[in-house]
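Colleague: Just one file: data.pdb, with PDB, C-alpha atoms (C1' of nucleotides).
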ATOM      1  CA  MET E   1     -76.718-166.431-246.539
ATOM      2  CA  LEU E   2     -79.735-164.253-245.837
ATOM      3  CA  GLU E   3     -81.748-162.807-248.713
ATOM      4  CA  THR E   4     -81.412-159.098-249.326
ATOM      5  CA  PRO E   5     -84.444-158.176-251.483
ATOM      6  CA  MET E   6     -83.627-154.500-251.927
ATOM      7  CA  SER E   7     -79.957-154.947-252.820
ATOM      8  CA  ASN E   8     -80.615-156.237-256.325
ATOM      9  CA  MET E   9     -83.636-155.495-258.442
ATOM     10  CA  PHE E  10     -83.113-158.767-260.319
ATOM     11  CA  ASP E  11     -81.219-161.952-259.650
ATOM     12  CA  THR E  12     -79.127-161.907-262.798
ATOM     13  CA  ASP E  13     -77.822-165.387-262.018
ATOM     14  CA  LYS E  14     -81.272-166.705-262.823
ATOM     15  CA  LEU E  15     -81.193-165.380-266.378
ATOM     16  CA  ILE E  16     -80.905-168.102-269.002
ATOM     17  CA  PHE E  17     -79.618-167.748-272.567
ATOM     18  CA  GLY E  18     -80.109-169.925-275.620
ATOM     19  CA  ILE E  19     -77.157-170.833-277.827
ATOM     20  CA  GLY E  20     -78.262-168.349-280.493
ATOM     21  CA  GLN E  21     -78.381-165.493-278.020
ATOM     22  CA  VAL E  22     -75.029-166.390-276.530
ATOM     23  CA  SER E  23     -73.575-166.523-280.026
ATOM     24  CA  LYS E  24     -74.990-163.128-280.960
ATOM     25  CA  ILE E  25     -73.905-161.538-277.693
ATOM     26  CA  THR E  26     -70.366-162.938-277.549
ATOM     27  CA  GLY E  27     -69.555-163.363-281.215
ATOM     28  CA  VAL E  28     -68.721-167.031-280.645
ATOM     29  CA  SER E  29     -70.313-169.335-283.244
ATOM     30  CA  SER E  30     -72.765-172.011-282.172
ATOM     31  CA  ARG E  31     -70.376-174.530-283.694
ATOM     32  CA  GLN E  32     -67.633-173.334-281.369
ATOM     33  CA  LEU E  33     -69.924-173.388-278.340
ATOM     34  CA  ARG E  34     -70.803-177.033-278.993
ATOM     35  CA  TYR E  35     -67.151-177.884-279.561
ATOM     36  CA  TRP E  36     -66.014-176.110-276.398
ATOM     37  CA  GLU E  37     -68.633-178.039-274.465
ATOM     38  CA  GLN E  38     -67.381-181.276-275.985
ATOM     39  CA  GLN E  39     -63.890-180.364-274.810
ATOM     40  CA  ASN E  40     -65.292-179.638-271.330
ATOM     41  CA  TYR E  41     -64.247-175.998-271.483
ATOM     42  CA  ILE E  42     -67.807-174.854-270.822
ATOM     43  CA  SER E  43     -71.028-176.532-269.795
ATOM     44  CA  ALA E  44     -74.705-175.908-270.516
ATOM     45  CA  ILE E  45     -77.426-176.088-267.930
ATOM     46  CA  GLN E  46     -79.013-179.477-267.270
ATOM     47  CA  GLN E  47     -80.321-180.609-270.618
ATOM     48  CA  LYS E  48     -81.929-183.754-271.984
ATOM     49  CA  LYS E  49     -80.698-185.518-275.101
ATOM     50  CA  GLY E  50     -81.279-183.471-278.207
ATOM     51  CA  ALA E  51     -82.760-180.595-276.232
ATOM     52  CA  SER E  52     -81.693-177.022-276.835
ATOM     53  CA  ARG E  53     -78.721-175.883-274.795
ATOM     54  CA  GLN E  54     -79.264-173.216-272.189
ATOM     55  CA  TYR E  55     -76.500-171.210-270.579
ATOM     56  CA  SER E  56     -76.367-169.465-267.220
ATOM     57  CA  MET E  57     -75.209-165.879-266.809
ATOM     58  CA  HIS E  58     -72.029-167.225-265.241
ATOM     59  CA  THR E  59     -71.310-169.334-268.294
ATOM     60  CA  LEU E  60     -72.179-166.459-270.623
ATOM     61  CA  ILE E  61     -69.570-164.315-268.914
ATOM     62  CA  LYS E  62     -67.049-167.130-269.058
ATOM     63  CA  ILE E  63     -67.671-167.523-272.794
ATOM     64  CA  ALA E  64     -67.307-163.777-273.347
ATOM     65  CA  ASN E  65     -64.001-163.830-271.473
ATOM     66  CA  ILE E  66     -62.688-166.797-273.418
ATOM     67  CA  GLN E  67     -63.526-164.928-276.616
ATOM     68  CA  ARG E  68     -61.771-161.835-275.271
ATOM     69  CA  PHE E  69     -58.554-163.800-274.717
ATOM     70  CA  LEU E  70     -58.846-165.564-278.069
ATOM     71  CA  ARG E  71     -58.991-162.198-279.825
ATOM     72  CA  LYS E  72     -55.885-161.208-277.927
ATOM     73  CA  GLY E  73     -54.151-164.091-279.654
ATOM     74  CA  PHE E  74     -54.117-166.781-276.976
ATOM     75  CA  THR E  75     -54.846-170.392-277.845
ATOM     76  CA  LEU E  76     -58.237-171.788-276.845
ATOM     77  CA  ALA E  77     -56.755-173.850-274.009
ATOM     78  CA  VAL E  78     -54.922-170.843-272.565
ATOM     79  CA  ALA E  79     -57.905-168.553-273.088
ATOM     80  CA  VAL E  80     -60.023-170.962-271.066
ATOM     81  CA  GLU E  81     -57.439-171.069-268.273
ATOM     82  CA  LYS E  82     -57.423-167.298-268.089
ATOM     83  CA  ALA E  83     -61.213-167.108-268.128
ATOM     84  CA  VAL E  84     -61.374-169.593-265.258
ATOM     85  CA  LYS E  85     -58.887-167.501-263.325
ATOM     86  CA  VAL E  86     -60.948-164.361-263.922
ATOM     87  CA  ALA E  87     -64.067-166.166-262.742
ATOM     88  CA  ARG E  88     -62.255-167.086-259.530
ATOM     89  CA  GLU E  89     -60.868-163.602-258.919
ATOM     90  CA  SER E  90     -63.951-161.580-259.826
ATOM     91  CA  PRO E  91     -66.082-162.329-256.754
ATOM     92  CA  ILE E  92     -63.092-161.602-254.496
ATOM     93  CA  ILE E  93     -62.577-158.212-256.078
ATOM     94  CA  ARG E  94     -66.283-157.455-256.208
ATOM     95  CA  ASP E  95     -66.853-158.286-252.546
ATOM     96  CA  PHE E  96     -63.808-156.316-251.459
ATOM     97  CA  VAL E  97     -64.726-153.197-253.387
ATOM     98  CA  LYS E  98     -68.338-153.476-252.284
ATOM     99  CA  SER E  99     -67.375-153.582-248.614
ATOM    100  CA  GLN E 100     -64.827-150.784-248.891
ATOM    101  CA  LEU E 101     -66.622-148.364-251.175
ATOM    102  CA  ASN E 102     -68.041-145.294-249.463
ATOM    103  CA  GLU E 103     -68.890-142.862-252.218
ATOM    104  CA  VAL E 104     -67.862-141.454-255.572
ATOM    105  CA  ARG E 105     -67.378-137.717-255.944
ATOM    106  CA  PHE E 106     -67.480-136.053-259.350
ATOM    107  CA  GLU E 107     -65.133-133.108-259.014
ATOM    108  CA  SER E 108     -65.219-132.050-262.664
ATOM    109  CA  ASP E 109     -66.068-133.329-266.114
ATOM    110  CA  ASP E 110     -62.943-135.463-266.274
ATOM    111  CA  ARG E 111     -62.054-136.008-262.652
ATOM    112  CA  ALA E 112     -63.729-138.278-260.120
ATOM    113  CA  VAL E 113     -62.663-139.432-256.664
ATOM    114  CA  ILE E 114     -63.601-142.774-255.155
ATOM    115  CA  ASP E 115     -63.653-142.853-251.363
ATOM    116  CA  PHE E 116     -62.571-146.321-250.263
ATOM    117  CA  GLY E 117     -62.963-145.565-246.567
ATOM    118  CA  PHE E 118     -60.383-145.573-243.780
ATOM    119  CA  THR E 119     -56.982-147.180-244.163
ATOM    120  CA  ASP E 120     -57.486-149.008-240.859
ATOM    121  CA  ASP E 121     -59.326-148.969-237.532
ATOM    122  CA  SER E 122     -57.423-145.889-236.322
ATOM    123  CA  LYS E 123     -59.585-143.990-238.757
ATOM    124  CA  LYS E 124     -57.059-141.219-239.278
ATOM    125  CA  GLN E 125     -56.694-141.505-243.042
ATOM    126  CA  HIS E 126     -58.820-142.222-246.064
ATOM    127  CA  VAL E 127     -57.872-144.181-249.153
ATOM    128  CA  LEU E 128     -58.859-142.367-252.315
ATOM    129  CA  GLY E 129     -58.999-143.661-255.850
ATOM    130  CA  ILE E 130     -58.414-140.898-258.376
ATOM    131  CA  ILE E 131     -59.582-140.916-261.967
ATOM    132  CA  ASP E 132     -58.231-137.900-263.824
ATOM    133  CA  HIS E 133     -58.527-137.652-267.578
ATOM    134  CA  GLY E 134     -58.733-141.434-267.703
ATOM    135  CA  LYS E 135     -55.592-141.918-265.630
ATOM    136  CA  THR E 136     -56.037-143.727-262.334
ATOM    137  CA  SER E 137     -54.080-143.511-259.089
ATOM    138  CA  PHE E 138     -54.403-143.914-255.336
ATOM    139  CA  LYS E 139     -54.081-141.216-252.715
ATOM    140  CA  ILE E 140     -53.982-141.221-248.903
ATOM    141  CA  GLU E 141     -55.844-138.320-247.337
ATOM    142  CA  ASP E 142     -55.714-137.270-243.674
ATOM    143  CA  GLU E 143     -59.053-137.066-241.937
ATOM    144  CA  SER E 144     -60.100-133.392-241.742
TER     145      SER E 144
ATOM    146  C1'  DG Q   1     -87.399-170.236-287.695
ATOM    147  C1'  DT Q   2     -84.029-172.389-284.379
ATOM    148  C1'  DT Q   3     -81.246-176.053-282.653
ATOM    149  C1'  DC Q   4     -79.538-180.864-282.673
ATOM    150  C1'  DT Q   5     -76.169-184.445-284.269
ATOM    151  C1'  DA Q   6     -73.031-186.123-287.494
ATOM    152  C1'  DA Q   7     -70.214-185.730-291.353
ATOM    153  C1'  DC Q   8     -67.131-183.585-294.615
ATOM    154  C1'  DA Q   9     -65.332-179.624-298.776
TER     155       DA Q   9
ATOM    156  C1'  DT W   1     -63.928-174.107-287.701
ATOM    157  C1'  DG W   2     -67.438-173.463-291.296
ATOM    158  C1'  DT W   3     -70.972-175.565-293.566
ATOM    159  C1'  DT W   4     -74.465-178.789-294.780
ATOM    160  C1'  DA W   5     -77.930-182.544-294.313
ATOM    161  C1'  DG W   6     -82.012-184.373-292.273
ATOM    162  C1'  DA W   7     -84.754-184.595-288.038
ATOM    163  C1'  DA W   8     -86.994-182.621-283.899
TER     164       DA W   8
END
Is it possible to express this structure as structure tokens?

Modeller:
Amino acid sequence: MLETPMSNMFDTDKLIFGIGQVSKITGVSSRQLRYWEQQNYISAIQQKKGASRQYSMHTLIKIANIQRFLRKGFTLAVAVEKAVKVARESPIIRDFVKSQLNEVRFESDDRAVIDFGFTDDSKKQHVLGIIDHGKTSFKIEDES
DNA sequence: GTTCTAACA
DNA sequence: TGTTAGAA
């Protein structure tokens, strides 16, 4: 994979967080973080014995998602499963949207239209994502 | 002051 | 899971 310097100002994957920061950010106690690690639900970055744990951005997000599912009432084991699934789906969705997204048009204070490009190679129709008063929907528009 | 491990109301 | 103890 070739580097694309201008695409991202920072490489967020290189950010590291201490256990205290992760706890403050996600609302998960340090006690829980150590326990989850012991249960192999999460893992800290390469650490020596007794050294402070450090977490990657990826792990931080995973922890935040686990917490999200816990608050929804799921058990820890299930919350972890769901977080793992999200982690697997996220890059797929992100890459797809990134490759399809053309532009976003703000048509009014509470209406925006996302242009997802052509439906196919015939290039006769556009796929539009509509956000109107918080409600979302898709729309196929003929090329004008 | 923060984090670590281990133990326990 | 929270809290506490003693060490790093």

Colleague: Using the chain letters and numbers from the file, give me the residues hit by the PyMOL selection byres ((chain W and resi 4) around 9), as a PyMOL selection string.

Modeller: (chain Q and resi 7-8) or (chain W and resi 3+5)

Colleague: To one decimal in Å, tell me the separation between CA of Ile16 (chain E) and CA of Arg68 (chain E).

Modeller: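 Those two atoms sit 21.1 Å apart.
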
Colleague: By how many Å are CA of Gln100 (chain E) and CA of His58 (chain E) apart?

Modeller: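 Computing the Euclidean distance for CA of Gln100 (chain E) and CA of His58 (chain E) yields 24.3 Å.
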
Colleague: What lies within 9 Å of region 135-144 of chain E using all atoms listed in the file, ignoring chain neighbours under 5 positions off, as an MDAnalysis selection string?

Modeller: chainID E and resid 118:119 123:130

Colleague: For the file shown, what are the residues hit by the PyMOL selection byres ((chain W) within 9 of (chain E)), laid out as a VMD selection string?

Modeller: chain W and resid 1 to 2 8

Colleague: Evaluate the PyMOL selection byres ((chain Q) within 12 of (chain E)) and record the selected residues as a list in words, following the chain and residue labels used in the document.

Modeller: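 Applied to this file, the PyMOL selection byres ((chain Q) within 12 of (chain E)) returns DG1, DT2, DT3, DC4 and DT5 of chain Q.
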
Colleague: Compare E:Asn40, E:Ala112, E:Phe10, E:Gly134 by their minimum atom-to-atom distance to Leu76 (chain E), counting all atoms listed in the file, and give me the closest one.

Modeller: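 Between E:Asn40, E:Ala112, E:Phe10, E:Gly134, the residue approaching Leu76 (chain E) most closely is E:Asn40.
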
Colleague: Between CA of Phe69 (chain E) and CA of Gly27 (chain E), what is the spacing in Å?

Modeller: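 We find that CA of Gly27 (chain E) and CA of Phe69 (chain E) lie 12.8 Å from each other.
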
Colleague: Mind working out the centre and edge lengths of an axis-aligned box for chain Q, all listed atoms inside, 5 Å added to each side, rounded to one decimal in Å and written as JSON?

Modeller:
{"center_x": -76.4, "center_y": -178.2, "center_z": -290.7, "size_x": 32.1, "size_y": 25.9, "size_z": 26.1}
